[in-house]
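Everything below concerns the one structure shown next.
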Amino acid sequence: MNGHIMFTFRDNSYCEEAFSFTRVDVVDEFMLDATQFASSVTSDFYFSAADKCNTTITPETQASDDLELSNLIVGKEYAYCVRAINNKHYMDSPYDGAQFGKSLTSSGATCASHRIRWEASFHGIVTTEPDAGRIPIEHVTVSWELLDETFIALECDGCAGTTQTTDGGAFTISFNVLDDALKDRNDDEIPVRIFFAKTSGDIQHEFLCKDGVVPCDDTKGFIAYLSHLQFKEPLHIYDDTSVPFEGKVFIADTDHGSNDGCPIVDAEVCLIHNNTQGIEETLVCVDTDGDGGYVAPVIVGGIVHRVDV
């Protein structure tokens, strides 16, 4: 789960009522007893198994290390240990004589090392512009690459990827990665280069990034930023693709034969959209040509309610 170190282990103990988890901040292969330097990372996990042995246990977030709270360093290696415990009596120590037996409340610790990964994600959506109804755009190809401080793409596993928007126009970009360029950069904003692409027939779609402020560069990409443990950062991308809206302006009742009528040259033609609040908005204005014709670009999904001349 995002932002949590979670545990999976196999239970071979007969006497436990719960399990205790600790973390060691310094990992040393010659350390005889790691748990003497350990600190508790979560509450004990109480568990009753159907079988006494060989049960695989996954506490998930009921017993996990929440990275938002522990603030562990990206790229650093830590050791995690688990013990079977019984607060009343786990077992008698097998190393003491019968005359001086000592009661134990836990098993020995089983430990494994873990290197902290850089985690973050975007949750984005692609739609038409607000005056075109914010219609979701499906099947947009979204590709990305995580960058270093000099904007060179990192080559680690999971640092780049591709997805497509859903029927609702949504997409997710997730990172859970290890790379030397990310080590110790818990608080830094890391650049991500993102590309958007879609073709409909002969039409190559165009997109606007930064909530419709700037064109998305299909060659250099759009740069957005994420920090470690920043999840579901919103991105709203607009499809700015236009299609031709064509017509002709002429004087009524002047047609003869195959002629539509006397054309009106250099007339201003404006396409009007009535939004959901009942407010009229001008989508675009163009002038007629020498034959009275006009071609106005309309954003995909846009609705023209009226043409003013």
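Going by the structure tokens order, chains are called A, B, ..., each with residues numbered from 1, while ligands are numbered from 1 in the order shown.
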Contacts of segment 196-205 of chain A at 9 Å (only C-alpha atoms; same-chain gap of 5+ positions) as a PyMOL selection string
chain A and resi 139-143+216-218+221-222+237+239-243
Looking only at helix (DSSP H, G or I) from DSSP on the backbone, list the matching residues of segment 128-278 of chain A as a ChimeraX atom specification.
/A:130-132,180-182
Mind dumping the selected residues with N, CA and C atoms as a PDB file, in the first residue's frame?
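Output saved as result_1.pdb:
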ATOM      1  N   PRO A 130     -13.569  23.560 -20.691  1.00  0.00           N
ATOM      2  CA  PRO A 130     -14.836  23.854 -20.012  1.00  0.00           C
ATOM      3  C   PRO A 130     -15.947  24.314 -20.955  1.00  0.00           C
ATOM      4  N   ASP A 131     -15.616  25.160 -21.945  1.00  0.00           N
ATOM      5  CA  ASP A 131     -16.665  25.629 -22.857  1.00  0.00           C
ATOM      6  C   ASP A 131     -17.039  24.578 -23.895  1.00  0.00           C
ATOM      7  N   ALA A 132     -16.374  23.429 -23.844  1.00  0.00           N
ATOM      8  CA  ALA A 132     -16.734  22.302 -24.712  1.00  0.00           C
ATOM      9  C   ALA A 132     -17.328  21.162 -23.895  1.00  0.00           C
ATOM     10  N   ASP A 180      19.979   5.576  -7.385  1.00  0.00           N
ATOM     11  CA  ASP A 180      20.948   6.367  -6.622  1.00  0.00           C
ATOM     12  C   ASP A 180      20.666   7.858  -6.724  1.00  0.00           C
ATOM     13  N   ALA A 181      20.075   8.293  -7.842  1.00  0.00           N
ATOM     14  CA  ALA A 181      19.777   9.719  -8.023  1.00  0.00           C
ATOM     15  C   ALA A 181      18.682  10.201  -7.077  1.00  0.00           C
ATOM     16  N   LEU A 182      17.939   9.278  -6.471  1.00  0.00           N
ATOM     17  CA  LEU A 182      16.841   9.637  -5.564  1.00  0.00           C
ATOM     18  C   LEU A 182      17.229   9.506  -4.093  1.00  0.00           C
TER      19      LEU A 182
END
Write out as a VMD selection string which residues come within 10 Å of Ala120 of chain A when counting only C-alpha atoms, dropping same-chain ones fewer than 6 positions away.
chain A and resid 2 to 3 173 to 177 190 226 to 233
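From atom CA of Thr127 of chain A back to atom CA of Gln164 of chain A, the distance works out to 13.5 Å.
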I'd like the neighbourhood of Arg23 of chain A as a ChimeraX atom specification, where a residue qualifies if any of its atoms comes within 7 Å (using only C-alpha atoms), though same-chain residues fewer than 4 positions away should be ignored.
/A:38-41,78-81
Excluding Asp287 of chain A and its own-chain neighbours fewer than 3 positions away, which residues fall within 10 Å of it when counting only C-alpha atoms? Please give them as number ranges by chain.
A: 264-270, 290, 292-296, 309
